[in-house]
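**Student:** If it helps, the file is called input_29.tsv and holds TSV, C-alpha atoms:
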chain	number	residue	atom	x	y	z
M	1	MET	CA	123.55	110.63	42.15
M	2	ASN	CA	122.87	109.55	45.72
M	3	PHE	CA	120.66	106.51	45.93
M	4	ASP	CA	118.46	105.72	48.89
M	5	ASN	CA	118.26	102.33	50.48
M	6	SER	CA	114.69	101.24	50.03
M	7	GLN	CA	114.27	100.85	46.28
M	8	PRO	CA	116.17	99.04	43.54
M	9	ILE	CA	118.50	101.37	41.65
M	10	TRP	CA	116.72	100.89	38.31
M	11	MET	CA	113.49	102.07	39.96
M	12	GLN	CA	115.20	105.17	41.34
M	13	ILE	CA	116.58	105.94	37.89
M	14	TYR	CA	113.04	105.43	36.53
M	15	GLU	CA	111.75	108.09	38.95
M	16	LEU	CA	114.58	110.43	37.97
M	17	ILE	CA	113.79	110.10	34.25
M	18	LEU	CA	110.04	110.48	34.83
M	19	SER	CA	110.70	113.81	36.52
M	20	ARG	CA	113.07	114.90	33.73
M	21	ILE	CA	110.44	114.15	31.10
M	22	ALA	CA	107.63	115.65	33.19
M	23	SER	CA	109.61	118.88	33.66
M	24	SER	CA	110.65	118.93	29.96
M	25	GLU	CA	114.30	118.93	30.99
M	26	TRP	CA	114.28	116.06	28.50
M	27	PRO	CA	111.87	117.52	25.90
M	28	GLU	CA	109.48	115.48	23.78
M	29	GLY	CA	111.02	114.22	20.55
M	30	GLU	CA	114.60	114.87	21.72
M	31	ARG	CA	117.34	112.31	21.96
M	32	ILE	CA	118.27	111.21	25.48
M	33	PRO	CA	121.67	109.92	26.70
M	34	SER	CA	122.62	106.39	25.67
M	35	VAL	CA	122.49	103.60	28.23
M	36	ARG	CA	126.27	103.79	28.51
M	37	GLU	CA	126.40	107.58	28.84
M	38	LEU	CA	123.78	107.68	31.57
M	39	GLY	CA	125.47	104.74	33.31
M	40	ALA	CA	128.73	106.70	33.37
M	41	THR	CA	127.00	109.87	34.61
M	42	LEU	CA	125.13	108.12	37.41
M	43	VAL	CA	128.02	105.67	37.98
M	44	VAL	CA	125.87	102.59	37.63
M	45	ASN	CA	126.12	99.49	35.50
M	46	PRO	CA	124.74	100.11	31.97
M	47	ASN	CA	122.55	97.00	32.33
M	48	THR	CA	120.79	98.70	35.22
M	49	VAL	CA	120.07	101.72	33.02
M	50	MET	CA	119.00	99.32	30.25
M	51	ARG	CA	116.40	97.85	32.57
M	52	THR	CA	115.00	101.32	33.24
M	53	TYR	CA	114.95	102.14	29.51
M	54	GLU	CA	113.11	98.89	28.79
M	55	ARG	CA	110.44	99.77	31.31
M	56	LEU	CA	110.10	103.30	29.85
M	57	THR	CA	109.92	101.82	26.34
M	58	GLU	CA	107.16	99.40	27.39
M	59	GLU	CA	105.24	102.39	28.69
M	60	ASN	CA	105.86	104.23	25.38
M	61	LEU	CA	107.47	107.15	27.19
M	62	ILE	CA	110.67	106.71	25.20
M	63	PHE	CA	111.41	104.83	21.99
M	64	ASN	CA	114.47	103.37	20.34
M	65	ARG	CA	115.62	104.32	16.85
M	66	ARG	CA	117.85	101.48	15.83
M	67	GLY	CA	121.44	102.58	15.55
M	68	ILE	CA	120.67	106.16	16.58
M	69	GLY	CA	119.50	105.99	20.17
M	70	TYR	CA	116.61	106.60	22.50
M	71	PHE	CA	114.18	109.51	22.15
M	72	VAL	CA	111.42	110.95	24.33
M	73	ALA	CA	108.02	110.08	22.83
M	74	GLU	CA	105.98	112.93	21.35
M	75	ASP	CA	103.20	112.67	23.93
M	76	ALA	CA	105.37	111.71	26.89
M	77	GLN	CA	105.46	114.87	29.00
M	78	GLN	CA	101.90	114.84	30.33
M	79	ARG	CA	101.83	111.06	30.76
M	80	ALA	CA	105.14	111.11	32.65
M	81	ALA	CA	103.78	113.85	34.91
M	82	ALA	CA	100.65	111.76	35.54
M	83	ILE	CA	102.69	108.66	36.40
M	84	ALA	CA	104.98	110.69	38.68
M	85	ARG	CA	101.93	112.15	40.45
M	86	GLU	CA	100.36	108.72	40.81
M	87	ARG	CA	103.57	107.25	42.22
M	88	PHE	CA	103.91	110.13	44.65
M	89	ILE	CA	100.37	109.56	45.92
M	90	THR	CA	100.61	105.77	46.19
M	91	GLU	CA	104.24	105.35	47.30
M	92	GLN	CA	105.75	108.44	48.92
M	93	LEU	CA	102.67	109.90	50.63
M	94	PRO	CA	101.83	106.83	52.74
M	95	GLN	CA	105.42	106.87	54.05
M	96	LEU	CA	105.12	110.57	54.83
M	97	PHE	CA	101.76	110.02	56.55
M	98	ALA	CA	103.17	107.18	58.64
M	99	LYS	CA	106.06	109.41	59.71
M	100	MET	CA	103.69	112.31	60.52
M	101	LYS	CA	101.57	109.99	62.64
M	102	SER	CA	104.54	108.57	64.51
M	103	ILE	CA	105.84	111.99	65.54
M	104	GLY	CA	102.47	113.73	65.89
M	105	ILE	CA	102.41	116.26	63.07
M	106	THR	CA	98.91	117.19	61.91
M	107	ALA	CA	97.66	117.89	58.39
M	108	GLU	CA	96.88	121.48	59.48
M	109	GLU	CA	100.50	122.06	60.49
M	110	ILE	CA	101.63	120.67	57.14
M	111	LEU	CA	99.24	123.00	55.30
M	112	THR	CA	100.62	126.02	57.17
M	113	LEU	CA	104.20	124.95	56.47
M	114	TYR	CA	103.34	124.31	52.82
M	115	ASN	CA	101.85	127.80	52.45
M	116	ASP	CA	104.91	129.36	54.11
M	117	TYR	CA	107.15	127.41	51.76
M	118	ASN	CA	105.22	128.64	48.73
M	119	ASN	CA	105.46	132.24	49.96
M	120	GLU	CA	109.21	131.94	50.34
M	121	ASN	CA	109.72	130.24	46.98
M	122	LYS	CA	107.55	132.35	44.72
Q	123	MET	CA	134.02	83.06	29.15
Q	124	ILE	CA	136.72	82.39	31.73
Q	125	THR	CA	136.77	79.04	33.47
Q	126	VAL	CA	138.94	77.77	36.27
Q	127	ARG	CA	138.92	74.02	36.66
Q	128	ASN	CA	140.09	72.12	39.71
Q	129	LEU	CA	142.88	74.53	40.40
Q	130	SER	CA	145.36	74.07	43.22
Q	131	PHE	CA	148.03	76.52	44.12
Q	132	SER	CA	150.50	77.14	46.90
Q	133	TYR	CA	153.46	79.49	47.06
Q	134	PRO	CA	156.90	77.92	47.53
Q	135	ARG	CA	157.28	77.01	51.19
Q	136	GLY	CA	153.89	78.65	51.80
Q	137	SER	CA	150.61	77.15	52.86
Q	138	ARG	CA	148.04	76.09	50.30
Q	139	VAL	CA	146.00	78.99	48.90
Q	140	PHE	CA	143.59	76.99	46.71
Q	141	GLU	CA	142.77	73.35	46.48
Q	142	GLY	CA	140.46	72.17	43.71
Q	143	LEU	CA	139.05	75.63	43.01
Q	144	SER	CA	136.55	75.86	40.15
Q	145	LEU	CA	134.90	78.97	38.78
Q	146	ALA	CA	133.10	79.98	35.59
Q	147	LEU	CA	132.75	83.64	34.61
Q	148	PRO	CA	130.74	84.76	31.56
Q	149	ALA	CA	132.35	87.22	29.16
Q	150	GLY	CA	131.15	90.79	28.90
Q	151	GLU	CA	130.44	91.41	32.56
Q	152	ILE	CA	131.77	93.66	35.29
Q	153	ILE	CA	132.70	91.27	38.07
Q	154	GLY	CA	133.40	92.25	41.67
Q	155	LEU	CA	135.86	89.96	43.46
Q	156	LEU	CA	135.63	90.16	47.23
Q	157	GLY	CA	137.18	88.32	50.13
Q	158	GLN	CA	138.86	88.90	53.44
Q	159	ASN	CA	142.55	89.83	53.66
Q	160	GLY	CA	144.75	86.93	52.74
Q	161	VAL	CA	142.00	84.78	51.21
Q	162	GLY	CA	143.75	84.76	47.82
Q	163	LYS	CA	142.12	87.46	45.70
Q	164	SER	CA	145.42	88.75	44.34
Q	165	THR	CA	146.65	85.20	43.85
Q	166	LEU	CA	143.52	84.36	41.87
Q	167	ILE	CA	144.04	87.44	39.71
Q	168	LYS	CA	147.62	86.38	38.98
Q	169	LEU	CA	146.43	82.87	38.16
Q	170	LEU	CA	143.73	84.17	35.81
Q	171	ALA	CA	146.34	86.32	34.10
Q	172	ALA	CA	148.78	83.39	33.83
Q	173	LEU	CA	151.40	85.39	35.73
Q	174	ILE	CA	151.85	82.41	38.07
Q	175	THR	CA	151.34	78.74	37.28
Q	176	PRO	CA	149.09	76.46	39.32
Q	177	GLN	CA	150.42	73.13	40.58
Q	178	GLN	CA	147.22	71.52	39.35
Q	179	GLY	CA	144.22	72.44	37.24
Q	180	GLU	CA	143.77	74.90	34.40
Q	181	VAL	CA	142.39	78.24	33.39
Q	182	THR	CA	140.65	78.61	30.04
Q	183	PHE	CA	139.94	81.85	28.27
Q	184	ASN	CA	137.24	81.69	25.59
Q	185	GLY	CA	137.54	77.92	25.52
Q	186	GLU	CA	141.31	77.78	25.14
Q	187	LYS	CA	143.70	76.84	27.87
Q	188	THR	CA	145.77	79.86	28.81
Q	189	VAL	CA	149.38	79.66	27.76
Q	190	ARG	CA	151.89	82.21	28.92
Q	191	GLY	CA	153.10	84.26	26.02
Q	192	ALA	CA	152.74	87.32	23.86
Q	193	GLU	CA	149.47	86.23	22.26
Q	194	LEU	CA	147.69	85.83	25.60
Q	195	TYR	CA	149.26	88.93	27.10
Q	196	SER	CA	148.09	91.08	24.19
Q	197	ARG	CA	144.49	90.16	25.08
Q	198	LEU	CA	144.57	90.66	28.81
Q	199	MET	CA	145.71	93.41	31.06
Q	200	VAL	CA	146.43	93.45	34.77
Q	201	VAL	CA	146.79	96.39	37.13
Q	202	PRO	CA	148.23	94.92	40.33
Q	203	GLU	CA	147.79	96.59	43.67
Q	204	GLU	CA	151.45	97.53	43.73
Q	205	PHE	CA	153.82	97.67	40.80
Q	206	THR	CA	157.09	99.13	39.65
Q	207	LEU	CA	157.40	100.97	36.39
Q	208	PRO	CA	160.49	102.01	34.45
Q	209	LYS	CA	162.24	105.35	34.97
Q	210	VAL	CA	160.66	106.91	31.89
Q	211	SER	CA	157.90	109.41	31.27
Q	212	VAL	CA	154.30	108.24	31.03
Q	213	GLU	CA	154.30	109.44	27.41
Q	214	SER	CA	157.39	107.44	26.52
Q	215	PHE	CA	156.10	104.32	28.31
Q	216	VAL	CA	152.86	104.46	26.33
Q	217	ALA	CA	154.72	105.01	23.05
Q	218	HIS	CA	156.81	101.89	23.63
Q	219	THR	CA	154.20	99.63	25.23
Q	220	ALA	CA	150.98	100.43	23.35
Q	221	PRO	CA	152.11	98.66	20.13
Q	222	LEU	CA	151.94	95.37	22.06
Q	223	TYR	CA	148.18	95.86	22.38
Q	224	PRO	CA	146.40	95.81	19.01
Q	225	THR	CA	143.22	97.22	20.57
Q	226	PHE	CA	144.93	100.19	22.27
Q	227	SER	CA	143.20	103.50	21.57
Q	228	ARG	CA	145.23	106.69	21.84
Q	229	GLU	CA	142.03	108.71	21.75
Q	230	GLN	CA	140.62	106.87	24.77
Q	231	PHE	CA	143.94	107.15	26.58
Q	232	ASP	CA	143.81	110.94	26.23
Q	233	VAL	CA	140.20	111.01	27.47
Q	234	TYR	CA	141.09	108.88	30.51
Q	235	CYS	CA	144.19	110.97	31.27
Q	236	LYS	CA	142.07	114.08	31.25
Q	237	ALA	CA	139.37	112.51	33.44
Q	238	LEU	CA	141.92	111.16	35.94
Q	239	GLU	CA	144.22	114.23	35.71
Q	240	VAL	CA	147.32	112.31	34.69
Q	241	GLU	CA	150.55	114.20	34.02
Q	242	CYS	CA	151.84	112.45	30.91
Q	243	SER	CA	155.11	114.37	30.64
Q	244	ALA	CA	156.31	113.34	34.12
Q	245	ARG	CA	158.52	110.33	34.76
Q	246	PHE	CA	156.91	107.50	36.73
Q	247	THR	CA	159.64	107.74	39.33
Q	248	ASP	CA	158.84	111.40	39.96
Q	249	LEU	CA	155.15	110.71	40.54
Q	250	SER	CA	153.42	109.86	43.80
Q	251	MET	CA	151.95	106.39	44.26
Q	252	GLY	CA	148.43	107.65	43.48
Q	253	GLN	CA	149.58	109.52	40.34
Q	254	ARG	CA	151.47	106.44	39.08
Q	255	LYS	CA	148.40	104.34	39.62
Q	256	LYS	CA	146.18	106.77	37.72
Q	257	ALA	CA	148.63	106.90	34.81
Q	258	TYR	CA	148.87	103.13	34.59
Q	259	LEU	CA	145.09	102.72	34.95
Q	260	ALA	CA	144.54	105.17	32.07
Q	261	PHE	CA	146.90	103.11	29.92
Q	262	ALA	CA	145.43	99.76	31.00
Q	263	LEU	CA	141.87	100.89	30.29
Q	264	ALA	CA	142.82	102.28	26.88
Q	265	CYS	CA	144.33	98.92	25.88
Q	266	ASN	CA	140.74	97.62	25.55
Q	267	ALA	CA	141.85	94.17	26.60
Q	268	GLU	CA	139.33	91.34	26.39
Q	269	LEU	CA	140.03	90.70	30.05
Q	270	LEU	CA	140.99	93.54	32.36
Q	271	LEU	CA	141.96	92.61	35.91
Q	272	LEU	CA	142.16	95.40	38.46
Q	273	ASP	CA	143.46	94.65	41.94
Q	274	GLU	CA	142.26	97.29	44.41
Q	275	PRO	CA	142.12	99.99	41.69
Q	276	THR	CA	140.81	102.76	43.95
Q	277	ASN	CA	143.50	102.34	46.62
Q	278	GLY	CA	145.65	105.43	46.87
Q	279	LEU	CA	143.42	107.49	44.56
Q	280	ASP	CA	142.05	110.83	45.72
Q	281	ILE	CA	138.30	111.38	46.00
Q	282	THR	CA	137.78	113.02	42.60
Q	283	ALA	CA	139.94	110.44	40.83
Q	284	LYS	CA	137.96	107.62	42.46
Q	285	ALA	CA	134.70	109.07	41.18
Q	286	ALA	CA	136.17	109.58	37.70
Q	287	LEU	CA	137.50	106.02	37.66
Q	288	ARG	CA	134.17	104.53	38.68
Q	289	SER	CA	132.48	106.43	35.90
Q	290	ILE	CA	135.00	105.06	33.37
Q	291	LEU	CA	134.65	101.52	34.75
Q	292	ALA	CA	130.87	101.69	34.40
Q	293	GLN	CA	131.39	101.93	30.63
Q	294	TYR	CA	134.14	99.37	30.21
Q	295	ALA	CA	132.40	96.05	29.70
Q	296	ASP	CA	130.74	95.06	26.42
Q	297	GLU	CA	130.11	91.73	24.66
Q	298	SER	CA	133.81	91.16	24.13
Q	299	LYS	CA	135.31	92.88	27.18
Q	300	THR	CA	135.24	91.53	30.70
Q	301	LEU	CA	136.31	93.47	33.76
Q	302	ILE	CA	137.26	91.91	37.08
Q	303	ILE	CA	137.69	94.26	40.04
Q	304	SER	CA	139.13	92.99	43.29
Q	305	THR	CA	138.34	95.32	46.16
Q	306	HIS	CA	137.47	95.81	49.80
Q	307	GLN	CA	135.43	98.92	48.96
Q	308	ALA	CA	132.02	97.32	48.60
Q	309	HIS	CA	130.22	100.65	48.20
Q	310	ASP	CA	132.57	101.74	45.42
Q	311	ILE	CA	131.42	98.92	43.16
Q	312	GLU	CA	127.97	98.05	44.47
Q	313	ASN	CA	126.10	99.73	41.61
Q	314	LEU	CA	128.74	98.93	39.00
Q	315	VAL	CA	128.97	95.17	38.98
Q	316	ASP	CA	126.97	92.60	37.03
Q	317	ARG	CA	128.29	89.75	39.12
Q	318	VAL	CA	129.76	89.14	42.55
Q	319	VAL	CA	132.38	86.53	43.40
Q	320	ILE	CA	133.16	86.07	47.09
Q	321	LEU	CA	136.15	83.95	48.07
Q	322	HIS	CA	135.98	82.51	51.55
Q	323	GLN	CA	138.14	79.94	53.31
Q	324	GLY	CA	139.99	79.02	50.14
Q	325	ASP	CA	136.89	78.44	48.05
Q	326	VAL	CA	134.25	80.26	45.99
Q	327	LEU	CA	131.34	80.92	48.34
Q	328	ILE	CA	129.36	83.10	45.94
Q	329	ASN	CA	129.50	83.43	42.16
Q	330	GLN	CA	126.18	84.95	41.18
Q	331	SER	CA	124.86	87.79	39.08
Q	332	VAL	CA	123.41	90.71	41.01
Q	333	SER	CA	119.93	89.93	39.70
Q	334	GLU	CA	120.28	86.32	40.90
Q	335	LEU	CA	121.42	87.60	44.30
Q	336	GLN	CA	118.37	89.86	44.48
Q	337	GLN	CA	116.17	86.82	43.87
Q	338	LEU	CA	118.03	84.85	46.53
Q	339	PHE	CA	118.30	87.45	49.27
Q	340	GLY	CA	116.37	90.37	50.67
Q	341	PHE	CA	118.35	93.33	52.02
Q	342	GLY	CA	117.33	96.11	54.35
Q	343	ILE	CA	115.53	96.79	57.63
Q	344	THR	CA	115.08	93.37	59.20
Q	345	ALA	CA	111.70	94.03	60.90
Q	346	GLY	CA	109.23	91.40	59.68
Q	347	HIS	CA	111.93	89.18	58.17
Q	348	GLU	CA	113.85	86.22	59.47
Q	349	ALA	CA	117.34	87.62	59.09
Q	350	ILE	CA	120.28	85.26	58.64
Q	351	TYR	CA	122.62	88.15	59.42
Q	352	SER	CA	121.99	91.62	60.85
Q	353	GLN	CA	123.92	94.68	62.00
Q	354	GLN	CA	123.10	98.10	63.46
Q	355	SER	CA	122.88	101.20	61.31
Q	356	VAL	CA	121.50	104.72	61.65
Q	357	ALA	CA	118.32	103.51	59.94
Q	358	GLY	CA	117.85	100.73	62.53
Q	359	THR	CA	118.72	97.05	62.40
Q	360	VAL	CA	119.55	96.10	58.84
Q	361	GLY	CA	120.33	92.67	57.53
Q	362	ILE	CA	119.82	90.03	54.93
Q	363	TRP	CA	117.29	87.21	54.67
Q	364	ALA	CA	116.20	84.50	52.25
Q	365	ALA	CA	114.08	86.37	49.68
Q	366	ASP	CA	110.38	85.67	49.76
Q	367	ASN	CA	110.00	86.24	46.01
Q	368	THR	CA	107.52	89.05	46.45
Q	369	GLU	CA	109.02	92.42	45.78
Q	370	GLU	CA	112.45	93.27	44.51
Q	371	GLY	CA	114.34	95.49	46.91
Q	372	ARG	CA	117.71	97.07	47.17
Q	373	PHE	CA	120.99	95.21	46.74
Q	374	ASP	CA	123.59	95.79	49.45
Q	375	LEU	CA	127.03	94.38	48.78
Q	376	GLU	CA	128.46	95.20	52.19
Q	377	LEU	CA	125.66	93.33	53.94
Q	378	LEU	CA	126.11	90.41	51.57
Q	379	PHE	CA	129.83	90.29	52.26
Q	380	ASN	CA	129.45	90.54	56.02
Q	381	ALA	CA	126.83	87.80	55.94
Q	382	ALA	CA	129.09	85.62	53.78
Q	383	VAL	CA	131.90	85.96	56.30
Q	384	LYS	CA	129.92	85.86	59.55
Q	385	ALA	CA	126.99	83.64	58.63
Q	386	THR	CA	128.70	81.49	56.00
Q	387	LYS	CA	126.59	78.40	56.63
Q	388	SER	CA	123.27	80.23	56.40
Q	389	VAL	CA	124.33	81.97	53.19
Q	390	ARG	CA	125.39	78.63	51.73
Q	391	ASN	CA	122.06	77.06	52.77
Q	392	VAL	CA	119.96	79.78	51.14
Q	393	ILE	CA	121.87	79.38	47.87
Q	394	ALA	CA	121.69	75.58	48.01
Q	395	GLN	CA	117.95	75.54	48.77
Q	396	LYS	CA	116.96	78.09	46.15
Q	397	LEU	CA	119.20	76.89	43.38
Q	398	GLY	CA	118.75	73.22	44.25
Can you turn what I pasted into C-alpha cells?
**Tutor:**
Amino acid sequence: MNFDNSQPIWMQIYELILSRIASSEWPEGERIPSVRELGATLVVNPNTVMRTYERLTEENLIFNRRGIGYFVAEDAQQRAAAIARERFITEQLPQLFAKMKSIGITAEEILTLYNDYNNENK
Amino acid sequence: MITVRNLSFSYPRGSRVFEGLSLALPAGEIIGLLGQNGVGKSTLIKLLAALITPQQGEVTFNGEKTVRGAELYSRLMVVPEEFTLPKVSVESFVAHTAPLYPTFSREQFDVYCKALEVECSARFTDLSMGQRKKAYLAFALACNAELLLLDEPTNGLDITAKAALRSILAQYADESKTLIISTHQAHDIENLVDRVVILHQGDVLINQSVSELQQLFGFGITAGHEAIYSQQSVAGTVGIWAADNTEEGRFDLELLFNAAVKATKSVRNVIAQKLG
C-alpha cells in the first residue's frame, strides 16, 4: 500500500477498512485478517494496525471474539458507508475545492467531467 | 528489556567509539537504529550481542548481565552487514546449526525461504552476496531469538526480496521477541518500527517510541509552523517543528534523521523541554 504524507498511517488504514466494509469486500459477520496478517500485507507495524482496529471496535464496526479474531459487525456495511461519505465531505472535498479555486476550475466543468467519466465507466 | 549502562568502547589503537553510553530498550519492540556512517551502529550491535567486550560498563538482557557463551548465544541472533559462511549447502548449514537454537522453527524457515526465494540446495560459496544474505536472514528469522539484531538487512537485496523481508519483519516482534534493525534506509523501516534510536556524535540523541516522537514533533509542509529544520521536496518546503499538541500528523523518519544531524541542538531542546 502506498501511503500519502498528510495523515497518520493508522488513519489511512482506517479509511481503507471503511471502504472495504462499505463495499462488502469484507462482508458483515465475516472474519477479517488478524492485526499481524494485515500488518504484514500492508508492511506496517502490527501496533499501528491494532490502533486502527481499536478505533473500529469503539465504533462497533468490528468486534473481537477472544482467541478467534476480529469480525465485521452485522450492521456495519451501511454505517461504514455513511462514515466514509461523511469523511469524504468534511475532509477530502474541502481540499479538492481549495485546489479547484487555486487553479480556476469551476463546478460546472467538474460536473461535465463527472458525467463524461460516468459515461465511460458504465 | 535491554539496558546499556555507562559503556565505553574503543578498538585497539583506534579512537574512542563510545564513552559512558547508556540506553534502555523495552522488550517486544521493533527498534530502528540510525546514525551517520562511522557513528558506531555496527559496534553497538556487536556490543549488544556480546561479540566484543567493552572496556567499561555493562549490557544487561532481561535483567542479567550478558556473559559470552552458549546460553546467551542461543537466545540472540545477529545478522552482520558482511559475513563469511562455511563452504556447505544452506540445507546442511541449517541442519547443523539449528539445534543450537531451541526456538528454531523448520516450518517458518521454509516459509521464509519461499518468500525470499532462497535456494537451499546451493552451497553458500556458490551464491551471490544477495542470495547468501537472504539465506542467512531466513535462518536467523526462523531461530525466533529473543533478540534479533540485523545490521543493514536490506543491503544487497533485490527489490522483491526487500519487500518480502519487510513484510516478514513487520510480524517478528511479540512480547518475548525484540528486533533491532540498523539501517540507512529510513523509508524502508518508517512504518515498521515501534521505536527509533539515533546515535549522533558518540551518544544517543534520540531513544523514543514513534508515538512519543509524534507528540514531540510535527512533520510535513512547514507553512504556518516554526520549523527547526526544513528541506525542499516536490510537495514544497517540508520540515519538522515542535508539536503544538493539536492534531496528530504523519511521522517522517528521514526528516527526523536529517533534523537530528543538521539541527542537533534544536532537536535536543525540543525533547528536553517537552519531556522535562
**Student:** Find the residue from M:Asn121, M:Thr90, M:Thr48, M:Asn60 that sits nearest to Gln77 in chain M; use all atoms listed in the file when measuring.
**Tutor:**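 Closest to Gln77 in chain M of all the choices is M:Asn60.
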**Student:** Choose the residue, out of Q:Ala381, Q:Lys396, Q:Glu370, Q:Leu321, that has the smallest atom-to-atom separation from Ile350 in chain Q; count all atoms listed in the file.
**Tutor:**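 The closest residue to Ile350 in chain Q is Q:Ala381.
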**Student:** Taking all atoms listed in the file into account, what are the residues of chain Q at most 7 Å from chain M, put as a compact mmCIF listing (two decimals) with C-alpha atoms, keeping the file's coordinate frame?
**Tutor:**
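Ended up saving to out.txt:
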# COMPACT_ATOMS: atom_id res chain seq x y z
CA ARG Q 288 134.17 104.53 38.68
CA SER Q 289 132.48 106.43 35.90
CA ILE Q 290 135.00 105.06 33.37
CA ALA Q 292 130.87 101.69 34.40
CA GLN Q 293 131.39 101.93 30.63
CA ASN Q 313 126.10 99.73 41.61
CA LEU Q 314 128.74 98.93 39.00
CA VAL Q 315 128.97 95.17 38.98
CA GLU Q 370 112.45 93.27 44.51
CA GLY Q 371 114.34 95.49 46.91
CA ARG Q 372 117.71 97.07 47.17
CA PHE Q 373 120.99 95.21 46.74
**Student:** As an exercise, work out the distance from CA of Ile124 in chain Q to CA of Tyr195 in chain Q in Å and give it to one decimal place.
**Tutor:**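 Interatomic distance here is 14.9 Å.
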**Student:** CA of Ser196 in chain Q and CA of Ala264 in chain Q are how many Å apart?
**Tutor:**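 Going from CA of Ser196 in chain Q over to CA of Ala264 in chain Q, I get 12.7 Å.
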**Student:** For a quick check of understanding, using all atoms listed in the file, which of Q:Gly154, Q:Pro275, Q:Gly361, Q:Gly136 has the smallest distance to Phe205 in chain Q?
**Tutor:**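 When distances to Phe205 in chain Q are compared using all atoms listed in the file, the smallest one comes from Q:Pro275.
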**Student:** Counting only C-alpha atoms, figure out which residue out of M:Asp116, M:Glu109, M:Asp75, M:Glu91 gets nearest to Pro27 in chain M.
**Tutor:**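 Closest residue, counting only C-alpha atoms: M:Asp75.
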**Student:** Closest to Glu74 in chain M among M:Ser24, M:Ile13, M:Tyr117, M:Ser19, using only C-alpha atoms?
**Tutor:** M:Ser24
**Student:** Could you tell me which of Q:Asp374, Q:Val181, Q:Val356, Q:Leu198 comes closest to Asp310 in chain Q if we count only C-alpha atoms?
**Tutor:**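 Using only C-alpha atoms, Asp310 in chain Q sits closest to Q:Asp374.
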**Student:** Could you jot down the CA of Leu129 in chain Q to CA of Ser304 in chain Q separation for me, Å, one decimal place?
**Tutor:**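 One can read the CA of Leu129 in chain Q to CA of Ser304 in chain Q distance as 19.1 Å.
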**Student:** Applying 10 Å and all atoms listed in the file, which residues near Asp296 in chain Q remain after dropping the ones on its own chain fewer than 5 positions away? List them as a PyMOL selection string.
**Tutor:** (chain M and resi 46) or (chain Q and resi 149-152+268+301)
**Student:** Report as AutoDock Vina command-line options the centre and the edge lengths, in Å to one decimal, of the axis-aligned box holding every listed atom of range 156-163 of chain Q, padded by 8 Å on each side.
**Tutor:**
--center_x 140.2 --center_y 87.5 --center_z 49.7 --size_x 25.1 --size_y 21.4 --size_z 24.0
**Student:** Which residues are near Arg85 in chain M? Cut-off 12 Å, all atoms listed in the file, ignore same chain within fewer than 5 positions. Put them as a ChimeraX atom specification.
**Tutor:** /M:15,18-19,22,78-80,90-93
**Student:** Could the residues in this selection be written to a file with C-alpha atoms, as a PDB file, in the frame of the given file?
**Tutor:**
ATOM      1  CA  GLU M  15     111.750 108.090  38.950  1.00  0.00           C
ATOM      2  CA  LEU M  18     110.040 110.480  34.830  1.00  0.00           C
ATOM      3  CA  SER M  19     110.700 113.810  36.520  1.00  0.00           C
ATOM      4  CA  ALA M  22     107.630 115.650  33.190  1.00  0.00           C
ATOM      5  CA  GLN M  78     101.900 114.840  30.330  1.00  0.00           C
ATOM      6  CA  ARG M  79     101.830 111.060  30.760  1.00  0.00           C
ATOM      7  CA  ALA M  80     105.140 111.110  32.650  1.00  0.00           C
ATOM      8  CA  THR M  90     100.610 105.770  46.190  1.00  0.00           C
ATOM      9  CA  GLU M  91     104.240 105.350  47.300  1.00  0.00           C
ATOM     10  CA  GLN M  92     105.750 108.440  48.920  1.00  0.00           C
ATOM     11  CA  LEU M  93     102.670 109.900  50.630  1.00  0.00           C
TER      12      LEU M  93
END
**Student:** Near Ile320 in chain Q, counting all atoms listed in the file, which residues have an atom at most 10 Å away, once you skip same-chain residues fewer than 3 positions from it, shown as a list in words?
**Tutor:** Gly154, Leu155, Leu156, Gly157, Gln158, Val161, Lys163, Ser304, Asp325, Val326, Leu327, Ile328, Asn329, Gln330, Leu378, Phe379, Ala382 and Val383 of chain Q
